[in-house]
file model-v7.cif (mmCIF, C-alpha atoms and all ligand atoms)
data_model
loop_
_atom_site.group_PDB
_atom_site.id
_atom_site.type_symbol
_atom_site.label_atom_id
_atom_site.label_comp_id
_atom_site.auth_asym_id
_atom_site.auth_seq_id
_atom_site.Cartn_x
_atom_site.Cartn_y
_atom_site.Cartn_z
ATOM 1 C CA MET A 1286 7.846 -12.868 -0.635
ATOM 2 C CA ARG A 1287 7.750 -9.110 -1.164
ATOM 3 C CA CYS A 1288 5.633 -7.330 1.430
ATOM 4 C CA ILE A 1289 4.630 -3.855 0.348
ATOM 5 C CA ALA A 1290 2.998 -1.344 2.686
ATOM 6 C CA VAL A 1291 1.116 1.321 0.736
ATOM 7 C CA MET A 1292 1.076 4.241 3.131
ATOM 8 C CA ASN A 1293 0.525 7.960 3.482
ATOM 9 C CA GLN A 1294 -1.207 9.483 6.474
ATOM 10 C CA LYS A 1295 -2.700 12.063 4.166
ATOM 11 C CA GLY A 1296 -6.201 11.092 3.069
ATOM 12 C CA GLY A 1297 -7.423 10.620 -0.482
ATOM 13 C CA VAL A 1298 -4.031 10.450 -2.206
ATOM 14 C CA GLY A 1299 -4.601 7.135 -4.003
ATOM 15 C CA LYS A 1300 -3.493 4.493 -1.473
ATOM 16 C CA THR A 1301 -6.473 2.220 -1.956
ATOM 17 C CA THR A 1302 -6.712 2.733 -5.718
ATOM 18 C CA SER A 1303 -3.013 1.888 -6.014
ATOM 19 C CA SER A 1304 -3.111 -1.089 -3.607
ATOM 20 C CA VAL A 1305 -6.073 -2.688 -5.375
ATOM 21 C CA ASN A 1306 -4.933 -2.128 -8.940
ATOM 22 C CA LEU A 1307 -1.334 -3.028 -8.212
ATOM 23 C CA ALA A 1308 -2.500 -6.240 -6.514
ATOM 24 C CA ALA A 1309 -4.881 -7.058 -9.377
ATOM 25 C CA GLY A 1310 -2.225 -6.249 -11.988
ATOM 26 C CA LEU A 1311 0.349 -8.469 -10.297
ATOM 27 C CA ALA A 1312 -2.188 -11.308 -10.140
ATOM 28 C CA ARG A 1313 -2.919 -10.859 -13.846
ATOM 29 C CA ALA A 1314 0.819 -11.067 -14.481
ATOM 30 C CA GLY A 1315 0.817 -14.532 -12.905
ATOM 31 C CA LYS A 1316 1.883 -13.648 -9.357
ATOM 32 C CA THR A 1317 0.090 -14.987 -6.313
ATOM 33 C CA VAL A 1318 -0.991 -11.998 -4.268
ATOM 34 C CA CYS A 1319 -2.461 -11.310 -0.844
ATOM 35 C CA LEU A 1320 -4.078 -7.910 -0.350
ATOM 36 C CA ILE A 1321 -4.539 -6.951 3.286
ATOM 37 C CA ASP A 1322 -7.088 -4.237 3.948
ATOM 38 C CA LEU A 1323 -5.905 -2.320 7.004
ATOM 39 C CA ASP A 1324 -8.437 0.472 6.811
ATOM 40 C CA PRO A 1325 -11.646 0.287 8.896
ATOM 41 C CA GLN A 1326 -13.341 2.037 5.957
ATOM 42 C CA GLY A 1327 -12.909 -1.299 4.128
ATOM 43 C CA HIS A 1328 -12.528 0.422 0.770
ATOM 44 C CA ALA A 1329 -9.988 -2.021 -0.667
ATOM 45 C CA SER A 1330 -12.275 -4.956 0.143
ATOM 46 C CA LEU A 1331 -15.307 -3.248 -1.390
ATOM 47 C CA HIS A 1332 -13.300 -2.225 -4.431
ATOM 48 C CA LEU A 1333 -12.829 -5.921 -5.212
ATOM 49 C CA GLY A 1334 -16.402 -6.827 -4.390
ATOM 50 C CA VAL A 1335 -15.455 -8.459 -1.098
ATOM 51 C CA GLU A 1336 -18.002 -7.437 1.465
ATOM 52 C CA ALA A 1337 -17.637 -8.247 5.137
ATOM 53 C CA PHE A 1338 -21.195 -9.235 6.092
ATOM 54 C CA GLY A 1339 -22.116 -10.024 9.718
ATOM 55 C CA GLN A 1340 -20.322 -13.320 10.260
ATOM 56 C CA THR A 1341 -17.501 -12.879 7.721
ATOM 57 C CA ALA A 1342 -14.081 -13.280 9.301
ATOM 58 C CA THR A 1343 -11.976 -10.154 8.807
ATOM 59 C CA ILE A 1344 -8.522 -8.833 9.581
ATOM 60 C CA TYR A 1345 -10.025 -7.541 12.838
ATOM 61 C CA ASP A 1346 -10.279 -11.174 14.012
ATOM 62 C CA VAL A 1347 -6.576 -11.594 13.298
ATOM 63 C CA PHE A 1348 -5.680 -8.561 15.432
ATOM 64 C CA ALA A 1349 -8.052 -9.788 18.135
ATOM 65 C CA GLY A 1350 -6.225 -13.137 18.180
ATOM 66 C CA LYS A 1351 -9.374 -15.050 17.192
ATOM 67 C CA LYS A 1352 -8.276 -16.203 13.731
ATOM 68 C CA GLY A 1353 -5.164 -16.871 11.733
ATOM 69 C CA LEU A 1354 -4.571 -14.813 8.615
ATOM 70 C CA GLY A 1355 -5.197 -17.844 6.406
ATOM 71 C CA ASP A 1356 -8.684 -18.224 7.924
ATOM 72 C CA VAL A 1357 -9.874 -14.791 6.822
ATOM 73 C CA LEU A 1358 -8.614 -14.774 3.226
ATOM 74 C CA GLN A 1359 -11.113 -14.707 0.377
ATOM 75 C CA LEU A 1360 -10.330 -15.261 -3.266
ATOM 76 C CA ALA A 1361 -11.388 -12.094 -5.120
ATOM 77 C CA ILE A 1362 -10.034 -12.869 -8.590
ATOM 78 C CA GLU A 1363 -7.712 -15.552 -9.862
ATOM 79 C CA ARG A 1364 -4.513 -15.606 -7.742
ATOM 80 C CA LEU A 1365 -5.614 -12.578 -5.672
ATOM 81 C CA TRP A 1366 -6.603 -13.216 -2.056
ATOM 82 C CA VAL A 1367 -8.063 -10.502 0.134
ATOM 83 C CA ALA A 1368 -8.038 -10.169 3.912
ATOM 84 C CA PRO A 1369 -11.101 -7.947 4.265
ATOM 85 C CA ALA A 1370 -11.686 -5.186 6.770
ATOM 86 C CA ASP A 1371 -14.776 -3.521 8.107
ATOM 87 C CA ILE A 1372 -15.616 -0.917 10.697
ATOM 88 C CA ASN A 1373 -14.843 -3.331 13.568
ATOM 89 C CA LEU A 1374 -11.183 -2.750 12.792
ATOM 90 C CA ALA A 1375 -11.572 0.761 14.221
ATOM 91 C CA ALA A 1376 -11.568 -0.821 17.706
ATOM 92 C CA THR A 1377 -8.177 -2.469 17.212
ATOM 93 C CA GLU A 1378 -6.209 0.654 18.079
ATOM 94 C CA LEU A 1379 -7.728 0.745 21.579
ATOM 95 C CA GLU A 1380 -7.919 -2.995 22.111
ATOM 96 C CA LEU A 1381 -4.210 -3.410 21.525
ATOM 97 C CA VAL A 1382 -3.140 -0.584 23.825
ATOM 98 C CA ASP A 1383 -2.097 -2.915 26.637
ATOM 99 C CA SER A 1384 -0.670 -5.629 24.455
ATOM 100 C CA ARG A 1385 3.115 -5.875 24.579
ATOM 101 C CA ASP A 1386 3.302 -7.259 21.037
ATOM 102 C CA ARG A 1387 0.852 -4.806 19.512
ATOM 103 C CA GLU A 1388 3.212 -3.658 16.754
ATOM 104 C CA ILE A 1389 4.076 -7.137 15.467
ATOM 105 C CA VAL A 1390 0.686 -8.858 15.268
ATOM 106 C CA LEU A 1391 0.569 -8.739 11.486
ATOM 107 C CA ARG A 1392 4.162 -9.857 11.015
ATOM 108 C CA GLN A 1393 3.524 -12.838 13.272
ATOM 109 C CA ALA A 1394 0.297 -13.641 11.425
ATOM 110 C CA LEU A 1395 2.198 -13.689 8.114
ATOM 111 C CA GLN A 1396 4.913 -15.893 9.605
ATOM 112 C CA LYS A 1397 2.273 -18.328 10.832
ATOM 113 C CA LEU A 1398 0.668 -18.834 7.417
ATOM 114 C CA PRO A 1399 0.702 -22.544 6.567
ATOM 115 C CA SER A 1400 3.268 -23.634 4.002
ATOM 116 C CA THR A 1401 0.410 -24.418 1.635
ATOM 117 C CA GLN A 1402 -0.426 -20.716 1.552
ATOM 118 C CA THR A 1403 2.448 -18.811 0.023
ATOM 119 C CA PHE A 1404 2.426 -15.543 -1.848
ATOM 120 C CA ASP A 1405 4.758 -13.771 -4.226
ATOM 121 C CA TYR A 1406 3.419 -10.424 -3.008
ATOM 122 C CA VAL A 1407 1.623 -9.131 0.056
ATOM 123 C CA ILE A 1408 0.141 -5.668 -0.448
ATOM 124 C CA MET A 1409 -1.072 -3.778 2.616
ATOM 125 C CA ASP A 1410 -3.485 -0.875 2.160
ATOM 126 C CA CYS A 1411 -2.921 1.424 5.149
ATOM 127 C CA PRO A 1412 -5.453 3.820 6.669
ATOM 128 C CA PRO A 1413 -4.788 7.577 6.532
ATOM 129 C CA SER A 1414 -3.051 7.708 9.931
ATOM 130 C CA LEU A 1415 0.209 6.734 11.566
ATOM 131 C CA GLY A 1416 -1.489 4.632 14.235
ATOM 132 C CA VAL A 1417 -1.017 1.035 15.278
ATOM 133 C CA LEU A 1418 -2.443 -0.438 12.044
ATOM 134 C CA THR A 1419 0.045 1.450 9.893
ATOM 135 C CA VAL A 1420 2.869 0.552 12.280
ATOM 136 C CA ASN A 1421 1.875 -3.126 11.960
ATOM 137 C CA ALA A 1422 2.106 -2.800 8.183
ATOM 138 C CA LEU A 1423 5.540 -1.163 8.426
ATOM 139 C CA THR A 1424 6.762 -3.849 10.795
ATOM 140 C CA ALA A 1425 5.623 -6.611 8.450
ATOM 141 C CA ALA A 1426 6.829 -4.867 5.292
ATOM 142 C CA THR A 1427 9.987 -5.274 3.285
ATOM 143 C CA GLU A 1428 9.113 -2.215 1.204
ATOM 144 C CA VAL A 1429 7.039 0.928 1.500
ATOM 145 C CA PHE A 1430 5.287 2.591 -1.430
ATOM 146 C CA ILE A 1431 4.026 6.122 -0.937
ATOM 147 C CA PRO A 1432 1.255 7.369 -3.185
ATOM 148 C CA LEU A 1433 1.486 11.113 -3.498
ATOM 149 C CA GLN A 1434 -0.709 13.636 -5.193
ATOM 150 C CA PRO A 1435 1.595 16.271 -6.630
ATOM 151 C CA HIS A 1436 0.154 19.533 -5.438
ATOM 152 C CA PHE A 1437 1.510 22.376 -3.392
ATOM 153 C CA PHE A 1438 0.984 20.757 0.026
ATOM 154 C CA ALA A 1439 2.095 17.281 -1.033
ATOM 155 C CA LEU A 1440 5.517 17.495 0.579
ATOM 156 C CA GLN A 1441 4.078 18.739 3.841
ATOM 157 C CA GLY A 1442 3.599 15.756 6.094
ATOM 158 C CA LEU A 1443 6.102 13.739 4.132
ATOM 159 C CA SER A 1444 8.796 14.384 6.728
ATOM 160 C CA LYS A 1445 6.531 13.050 9.495
ATOM 161 C CA LEU A 1446 5.837 9.996 7.372
ATOM 162 C CA PHE A 1447 9.553 9.441 6.759
ATOM 163 C CA GLU A 1448 10.316 9.883 10.476
ATOM 164 C CA THR A 1449 7.831 7.124 11.230
ATOM 165 C CA THR A 1450 9.546 4.755 8.805
ATOM 166 C CA ALA A 1451 12.916 5.609 10.399
ATOM 167 C CA LEU A 1452 11.541 4.898 13.853
ATOM 168 C CA VAL A 1453 10.073 1.555 12.819
ATOM 169 C CA LYS A 1454 13.297 0.624 11.037
ATOM 170 C CA ARG A 1455 15.311 1.393 14.177
ATOM 171 C CA ARG A 1456 13.049 -0.339 16.664
ATOM 172 C CA LEU A 1457 11.165 -3.079 14.865
ATOM 173 C CA ASN A 1458 12.217 -3.841 11.309
ATOM 174 C CA ARG A 1459 15.821 -3.413 10.185
ATOM 175 C CA GLU A 1460 14.874 -4.485 6.659
ATOM 176 C CA LEU A 1461 12.442 -1.640 6.078
ATOM 177 C CA ARG A 1462 13.034 0.642 3.148
ATOM 178 C CA VAL A 1463 10.949 3.138 1.284
ATOM 179 C CA ALA A 1464 11.135 1.705 -2.217
ATOM 180 C CA GLY A 1465 9.198 4.224 -4.162
ATOM 181 C CA ILE A 1466 6.831 7.100 -4.555
ATOM 182 C CA VAL A 1467 3.848 6.680 -6.838
ATOM 183 C CA LEU A 1468 2.569 9.930 -8.277
ATOM 184 C CA CYS A 1469 -1.215 9.636 -8.374
ATOM 185 C CA LEU A 1470 -3.938 11.898 -9.717
ATOM 186 C CA TYR A 1471 -1.224 13.289 -11.954
ATOM 187 C CA GLU A 1472 -2.097 16.239 -14.157
ATOM 188 C CA THR A 1473 0.053 15.856 -17.234
ATOM 189 C CA GLY A 1474 1.454 18.979 -18.758
ATOM 190 C CA THR A 1475 1.135 21.131 -15.654
ATOM 191 C CA ARG A 1476 4.066 23.108 -14.386
ATOM 192 C CA LEU A 1477 3.173 22.428 -10.758
ATOM 193 C CA ALA A 1478 3.279 18.635 -11.092
ATOM 194 C CA ALA A 1479 6.700 18.849 -12.755
ATOM 195 C CA ASP A 1480 8.028 21.281 -10.107
ATOM 196 C CA ILE A 1481 6.878 19.123 -7.203
ATOM 197 C CA THR A 1482 8.449 16.086 -8.815
ATOM 198 C CA ASP A 1483 11.770 17.957 -9.120
ATOM 199 C CA ASP A 1484 11.618 19.142 -5.502
ATOM 200 C CA LEU A 1485 10.983 15.606 -4.405
ATOM 201 C CA SER A 1486 13.930 14.122 -6.319
ATOM 202 C CA ARG A 1487 16.216 16.798 -4.894
ATOM 203 C CA PHE A 1488 15.000 16.036 -1.385
ATOM 204 C CA LEU A 1489 15.642 12.309 -1.839
ATOM 205 C CA GLU A 1490 19.127 12.876 -3.261
ATOM 206 C CA GLN A 1491 20.135 15.065 -0.333
ATOM 207 C CA SER A 1492 18.941 12.667 2.369
ATOM 208 C CA ASP A 1493 21.032 10.970 5.003
ATOM 209 C CA PRO A 1494 22.561 7.798 3.497
ATOM 210 C CA MET A 1495 21.258 5.739 6.419
ATOM 211 C CA ALA A 1496 17.672 6.930 6.032
ATOM 212 C CA PRO A 1497 15.213 4.232 4.926
ATOM 213 C CA TRP A 1498 14.085 6.494 2.087
ATOM 214 C CA LYS A 1499 17.574 7.206 0.732
ATOM 215 C CA HIS A 1500 17.131 4.840 -2.193
ATOM 216 C CA ALA A 1501 13.494 5.590 -2.800
ATOM 217 C CA ARG A 1502 12.714 6.343 -6.393
ATOM 218 C CA ILE A 1503 9.880 8.136 -7.998
ATOM 219 C CA PHE A 1504 8.243 5.502 -10.175
ATOM 220 C CA LYS A 1505 8.396 6.409 -13.843
ATOM 221 C CA SER A 1506 4.766 5.413 -14.277
ATOM 222 C CA ARG A 1507 2.626 8.373 -13.365
ATOM 223 C CA ILE A 1508 -0.993 7.583 -12.567
ATOM 224 C CA ARG A 1509 -2.980 10.156 -14.467
ATOM 225 C CA ARG A 1510 -6.324 11.421 -13.282
ATOM 226 C CA ASN A 1511 -8.880 9.148 -14.903
ATOM 227 C CA ILE A 1512 -12.569 8.987 -14.079
ATOM 228 C CA LYS A 1513 -12.663 5.226 -14.757
ATOM 229 C CA LEU A 1514 -10.409 4.718 -11.728
ATOM 230 C CA ALA A 1515 -12.950 6.529 -9.575
ATOM 231 C CA GLU A 1516 -15.881 4.567 -11.038
ATOM 232 C CA ALA A 1517 -14.401 1.068 -10.802
ATOM 233 C CA PRO A 1518 -14.868 0.618 -7.003
ATOM 234 C CA SER A 1519 -18.643 0.925 -7.204
ATOM 235 C CA PHE A 1520 -18.659 -2.028 -9.609
ATOM 236 C CA GLY A 1521 -16.466 -4.099 -7.289
ATOM 237 C CA GLN A 1522 -13.869 -4.471 -10.035
ATOM 238 C CA SER A 1523 -10.251 -3.588 -10.570
ATOM 239 C CA ILE A 1524 -9.521 -1.192 -13.421
ATOM 240 C CA PHE A 1525 -8.379 -4.135 -15.563
ATOM 241 C CA ASP A 1526 -11.834 -5.689 -15.465
ATOM 242 C CA TYR A 1527 -13.829 -2.473 -15.401
ATOM 243 C CA ALA A 1528 -12.090 -0.470 -18.140
ATOM 244 C CA PRO A 1529 -9.125 -2.380 -19.573
ATOM 245 C CA LYS A 1530 -8.473 0.191 -22.299
ATOM 246 C CA SER A 1531 -8.603 3.272 -20.067
ATOM 247 C CA SER A 1532 -5.558 5.391 -19.269
ATOM 248 C CA GLY A 1533 -5.965 4.184 -15.667
ATOM 249 C CA ALA A 1534 -5.452 0.576 -16.744
ATOM 250 C CA ILE A 1535 -2.469 1.549 -18.911
ATOM 251 C CA ASP A 1536 -0.819 3.519 -16.083
ATOM 252 C CA TYR A 1537 -1.269 0.786 -13.472
ATOM 253 C CA GLU A 1538 -0.094 -1.851 -15.927
ATOM 254 C CA GLU A 1539 3.127 0.146 -16.362
ATOM 255 C CA LEU A 1540 3.524 0.406 -12.621
ATOM 256 C CA VAL A 1541 3.110 -3.371 -12.316
ATOM 257 C CA THR A 1542 5.854 -3.851 -14.916
ATOM 258 C CA GLU A 1543 8.193 -1.535 -12.984
ATOM 259 C CA VAL A 1544 7.471 -3.314 -9.727
ATOM 260 C CA ILE A 1545 8.128 -6.731 -11.234
ATOM 261 C CA ALA A 1546 11.334 -5.424 -12.864
ATOM 262 C CA ALA A 1547 12.604 -4.528 -9.384
ATOM 263 C CA GLU A 1548 12.563 -8.272 -8.564
ATOM 264 C CA ALA A 1549 15.362 -8.811 -11.044
ATOM 265 C CA ILE A 1550 17.341 -5.856 -9.691
ATOM 266 C CA LYS A 1551 16.977 -7.166 -6.147
ATOM 267 C CA ALA A 1552 17.957 -10.668 -7.183
ATOM 268 C CA ALA A 1553 21.088 -9.342 -8.885
ATOM 269 C CA ALA A 1554 22.105 -7.205 -5.892
HETATM 270 P P1 LIG B 1 -8.039 7.324 2.212
HETATM 271 O O1 LIG B 1 -6.959 8.122 2.831
HETATM 272 O O2 LIG B 1 -9.415 7.803 2.523
HETATM 273 O O3 LIG B 1 -7.876 5.859 2.468
HETATM 274 P P2 LIG B 1 -6.779 6.861 -0.302
HETATM 275 O O4 LIG B 1 -5.436 7.492 -0.105
HETATM 276 O O5 LIG B 1 -6.876 5.397 -0.167
HETATM 277 O O6 LIG B 1 -7.864 7.557 0.633
HETATM 278 P P3 LIG B 1 -8.199 6.568 -2.757
HETATM 279 O O7 LIG B 1 -9.408 6.073 -2.059
HETATM 280 O O8 LIG B 1 -7.415 5.600 -3.539
HETATM 281 O O9 LIG B 1 -7.253 7.339 -1.748
HETATM 282 O O10 LIG B 1 -8.561 7.781 -3.723
HETATM 283 C C1 LIG B 1 -9.334 8.883 -3.257
HETATM 284 C C2 LIG B 1 -10.437 9.185 -4.288
HETATM 285 O O11 LIG B 1 -9.849 9.560 -5.519
HETATM 286 C C3 LIG B 1 -11.296 7.972 -4.593
HETATM 287 O O12 LIG B 1 -12.604 8.402 -4.839
HETATM 288 C C4 LIG B 1 -10.675 7.396 -5.853
HETATM 289 O O13 LIG B 1 -11.609 6.676 -6.633
HETATM 290 C C5 LIG B 1 -10.198 8.645 -6.541
HETATM 291 N N1 LIG B 1 -9.000 8.417 -7.351
HETATM 292 C C6 LIG B 1 -7.829 7.854 -6.952
HETATM 293 N N2 LIG B 1 -6.911 7.872 -7.936
HETATM 294 C C7 LIG B 1 -7.516 8.452 -9.002
HETATM 295 C C8 LIG B 1 -7.094 8.781 -10.343
HETATM 296 N N3 LIG B 1 -5.858 8.526 -10.774
HETATM 297 N N4 LIG B 1 -7.992 9.395 -11.145
HETATM 298 C C9 LIG B 1 -9.239 9.688 -10.721
HETATM 299 N N5 LIG B 1 -9.701 9.419 -9.482
HETATM 300 C C10 LIG B 1 -8.847 8.817 -8.631
HETATM 301 MG MG MG B 2 -7.818 4.241 1.292
#
call {"tool": "encode", "arguments": {"input": "model-v7.cif", "output": "structure tokens"}}
result
Amino acid sequence: MRCIAVMNQKGGVGKTTSSVNLAAGLARAGKTVCLIDLDPQGHASLHLGVEAFGQTATIYDVFAGKKGLGDVLQLAIERLWVAPADINLAATELELVDSRDREIVLRQALQKLPSTQTFDYVIMDCPPSLGVLTVNALTAATEVFIPLQPHFFALQGLSKLFETTALVKRRLNRELRVAGIVLCLYETGTRLAADITDDLSRFLEQSDPMAPWKHARIFKSRIRRNIKLAEAPSFGQSIFDYAPKSSGAIDYEELVTEVIAAEAIKAAA
């Protein structure tokens, strides 16, 4: 089971768009996928038409110890299960303050899934912060994907993000590695996007060999700016259902192919 945390504490960089469309693309490719919405905004859930009405069990109930993860999953499309979130999740940060195991709730919940519920991929859509929800994702993850919008300030904040992964690797999850950076909202043909991409590769090459991001790659698939990607959430559909011929669908399909190809590389290693 590959567990991928999609994180960046910077807001609006494409975390949710990437989590949802990657999850949907993997499911279309025949993989069984669990998408965990870890953002109290609940955007990933809404994007797939999963709404957490009054009595619906959500990921909040898992953090509150009231439900198992398997009890809150809803089937959004074939092979894609969603653990929805809603605004209640905003209370989790405070409610867990005194809990000794607050950083490993999600990992334990995944370990406790019944053997009848297995997934090829777990994708975790993190909120734009480095709080306890993101730390839970990093503790449960085998890989981290970082969506990044290549503009002048993109690299600012990246060092804080990397420090957090290093800290979690040291204290809670030896297996953690930053697998890749997904360039989102990419403006093709601009000098700036190309420059930032070069700066980023240089930074990665020069990093400490023990750093969890040392082997991170910049995914070859660049997610171009495409209005269809911004429209799809309001129809409760992934890009593959909403606009299968759009550049957004093409770009995410390529990303899915790259992600699946990494299975073979890992298996060979
Ligand atoms: P937050 O930090 O608030 O959780 P996020 O990092 O999850 O944000 P998204 O919600 O995925 O970012 O994207 C921010 C906005 O940009 C959304 O309105 C989304 O529809 C839009 N968007 C994301 N990627 C693209 C793209 N490639 N082309 C056009 N619009 C995009
Ligand atoms: Mg989001």
call {"tool": "residues_near_ligand", "arguments": {"input": "model-v7.cif", "ligand": "ligand LIG 1 (chain B)", "cutoff": "6 Å", "atoms": "only C-alpha atoms and all ligand atoms", "output": "compact mmCIF listing (two decimals) with C-alpha atoms, keeping the file's coordinate frame"}}
result
# COMPACT_ATOMS: atom_id res chain seq x y z
CA LYS A 1295 -2.70 12.06 4.17
CA GLY A 1296 -6.20 11.09 3.07
CA GLY A 1297 -7.42 10.62 -0.48
CA VAL A 1298 -4.03 10.45 -2.21
CA GLY A 1299 -4.60 7.14 -4.00
CA LYS A 1300 -3.49 4.49 -1.47
CA THR A 1301 -6.47 2.22 -1.96
CA THR A 1302 -6.71 2.73 -5.72
CA PRO A 1412 -5.45 3.82 6.67
CA PRO A 1413 -4.79 7.58 6.53
CA CYS A 1469 -1.22 9.64 -8.37
CA LEU A 1470 -3.94 11.90 -9.72
CA ILE A 1508 -0.99 7.58 -12.57
CA ARG A 1509 -2.98 10.16 -14.47
CA ARG A 1510 -6.32 11.42 -13.28
CA ASN A 1511 -8.88 9.15 -14.90
CA ILE A 1512 -12.57 8.99 -14.08
CA LEU A 1514 -10.41 4.72 -11.73
CA ALA A 1515 -12.95 6.53 -9.57
call {"tool": "residues_around", "arguments": {"input": "model-v7.cif", "residues": "Ile1535 of chain A", "least_positions_apart": "4", "cutoff": "10 Å", "atoms": "all atoms listed in the file", "output": "number ranges by chain"}}
result
A: 1506, 1508-1509, 1524-1525, 1528-1531, 1539-1541
call {"tool": "closest_residue", "arguments": {"input": "model-v7.cif", "among": "A:Pro1399, A:Gly1465, A:Gly1442, A:Gly1310", "to": "Ile1362 of chain A", "atoms": "all atoms listed in the file"}}
result
A:Gly1310
call {"tool": "resolve_selection", "arguments": {"input": "model-v7.cif", "expression": "the PyMOL selection byres (((chain A and resi 1496) around 12) and not hetatm)", "output": "VMD selection string"}}
result
chain A and resid 1444 1447 to 1455 1459 to 1464 1489 to 1495 1497 to 1501
call {"tool": "resolve_selection", "arguments": {"input": "model-v7.cif", "expression": "the PyMOL selection byres (((chain A and resi 1324) around 9) and not hetatm)", "output": "ChimeraX atom specification"}}
result
/A:1322-1323,1325-1329,1370-1372,1374-1375,1410-1413,1418
call {"tool": "residues_around", "arguments": {"input": "model-v7.cif", "residues": "Cys1319 of chain A", "least_positions_apart": "3", "cutoff": "12 Å", "atoms": "all atoms listed in the file", "output": "PDB file with C-alpha atoms, keeping the file's coordinate frame"}}
result
ATOM      1  CA  MET A1286       7.846 -12.868  -0.635  1.00  0.00           C
ATOM      2  CA  ARG A1287       7.750  -9.110  -1.164  1.00  0.00           C
ATOM      3  CA  CYS A1288       5.633  -7.330   1.430  1.00  0.00           C
ATOM      4  CA  ILE A1289       4.630  -3.855   0.348  1.00  0.00           C
ATOM      5  CA  ALA A1290       2.998  -1.344   2.686  1.00  0.00           C
ATOM      6  CA  SER A1304      -3.111  -1.089  -3.607  1.00  0.00           C
ATOM      7  CA  VAL A1305      -6.073  -2.688  -5.375  1.00  0.00           C
ATOM      8  CA  LEU A1307      -1.334  -3.028  -8.212  1.00  0.00           C
ATOM      9  CA  ALA A1308      -2.500  -6.240  -6.514  1.00  0.00           C
ATOM     10  CA  ALA A1309      -4.881  -7.058  -9.377  1.00  0.00           C
ATOM     11  CA  LEU A1311       0.349  -8.469 -10.297  1.00  0.00           C
ATOM     12  CA  ALA A1312      -2.188 -11.308 -10.140  1.00  0.00           C
ATOM     13  CA  LYS A1316       1.883 -13.648  -9.357  1.00  0.00           C
ATOM     14  CA  ASP A1322      -7.088  -4.237   3.948  1.00  0.00           C
ATOM     15  CA  ALA A1329      -9.988  -2.021  -0.667  1.00  0.00           C
ATOM     16  CA  SER A1330     -12.275  -4.956   0.143  1.00  0.00           C
ATOM     17  CA  LEU A1354      -4.571 -14.813   8.615  1.00  0.00           C
ATOM     18  CA  GLY A1355      -5.197 -17.844   6.406  1.00  0.00           C
ATOM     19  CA  VAL A1357      -9.874 -14.791   6.822  1.00  0.00           C
ATOM     20  CA  LEU A1358      -8.614 -14.774   3.226  1.00  0.00           C
ATOM     21  CA  GLN A1359     -11.113 -14.707   0.377  1.00  0.00           C
ATOM     22  CA  LEU A1360     -10.330 -15.261  -3.266  1.00  0.00           C
ATOM     23  CA  ALA A1361     -11.388 -12.094  -5.120  1.00  0.00           C
ATOM     24  CA  ILE A1362     -10.034 -12.869  -8.590  1.00  0.00           C
ATOM     25  CA  GLU A1363      -7.712 -15.552  -9.862  1.00  0.00           C
ATOM     26  CA  ARG A1364      -4.513 -15.606  -7.742  1.00  0.00           C
ATOM     27  CA  LEU A1365      -5.614 -12.578  -5.672  1.00  0.00           C
ATOM     28  CA  TRP A1366      -6.603 -13.216  -2.056  1.00  0.00           C
ATOM     29  CA  VAL A1367      -8.063 -10.502   0.134  1.00  0.00           C
ATOM     30  CA  ALA A1368      -8.038 -10.169   3.912  1.00  0.00           C
ATOM     31  CA  PRO A1369     -11.101  -7.947   4.265  1.00  0.00           C
ATOM     32  CA  LEU A1395       2.198 -13.689   8.114  1.00  0.00           C
ATOM     33  CA  LEU A1398       0.668 -18.834   7.417  1.00  0.00           C
ATOM     34  CA  GLN A1402      -0.426 -20.716   1.552  1.00  0.00           C
ATOM     35  CA  THR A1403       2.448 -18.811   0.023  1.00  0.00           C
ATOM     36  CA  PHE A1404       2.426 -15.543  -1.848  1.00  0.00           C
ATOM     37  CA  ASP A1405       4.758 -13.771  -4.226  1.00  0.00           C
ATOM     38  CA  TYR A1406       3.419 -10.424  -3.008  1.00  0.00           C
ATOM     39  CA  VAL A1407       1.623  -9.131   0.056  1.00  0.00           C
ATOM     40  CA  ILE A1408       0.141  -5.668  -0.448  1.00  0.00           C
ATOM     41  CA  MET A1409      -1.072  -3.778   2.616  1.00  0.00           C
ATOM     42  CA  ASP A1410      -3.485  -0.875   2.160  1.00  0.00           C
TER      43      ASP A1410
END
call {"tool": "residues_around", "arguments": {"input": "model-v7.cif", "residues": "segment 1472-1481 of chain A", "least_positions_apart": "2", "cutoff": "12 Å", "atoms": "all atoms listed in the file", "output": "mmCIF file with C-alpha atoms, in the coordinates of the input"}}
result
data_model
loop_
_atom_site.group_PDB
_atom_site.id
_atom_site.type_symbol
_atom_site.label_atom_id
_atom_site.label_comp_id
_atom_site.auth_asym_id
_atom_site.auth_seq_id
_atom_site.Cartn_x
_atom_site.Cartn_y
_atom_site.Cartn_z
ATOM 1 C CA LEU A 1433 1.486 11.113 -3.498
ATOM 2 C CA GLN A 1434 -0.709 13.636 -5.193
ATOM 3 C CA PRO A 1435 1.595 16.271 -6.630
ATOM 4 C CA HIS A 1436 0.154 19.533 -5.438
ATOM 5 C CA PHE A 1437 1.510 22.376 -3.392
ATOM 6 C CA PHE A 1438 0.984 20.757 0.026
ATOM 7 C CA ALA A 1439 2.095 17.281 -1.033
ATOM 8 C CA LEU A 1440 5.517 17.495 0.579
ATOM 9 C CA GLN A 1441 4.078 18.739 3.841
ATOM 10 C CA LEU A 1468 2.569 9.930 -8.277
ATOM 11 C CA CYS A 1469 -1.215 9.636 -8.374
ATOM 12 C CA LEU A 1470 -3.938 11.898 -9.717
ATOM 13 C CA ASP A 1483 11.770 17.957 -9.120
ATOM 14 C CA ASP A 1484 11.618 19.142 -5.502
ATOM 15 C CA LEU A 1485 10.983 15.606 -4.405
ATOM 16 C CA SER A 1486 13.930 14.122 -6.319
ATOM 17 C CA ARG A 1487 16.216 16.798 -4.894
ATOM 18 C CA PHE A 1488 15.000 16.036 -1.385
ATOM 19 C CA ILE A 1503 9.880 8.136 -7.998
ATOM 20 C CA SER A 1506 4.766 5.413 -14.277
ATOM 21 C CA ARG A 1507 2.626 8.373 -13.365
ATOM 22 C CA ILE A 1508 -0.993 7.583 -12.567
ATOM 23 C CA ARG A 1509 -2.980 10.156 -14.467
ATOM 24 C CA ARG A 1510 -6.324 11.421 -13.282
ATOM 25 C CA ASN A 1511 -8.880 9.148 -14.903
#
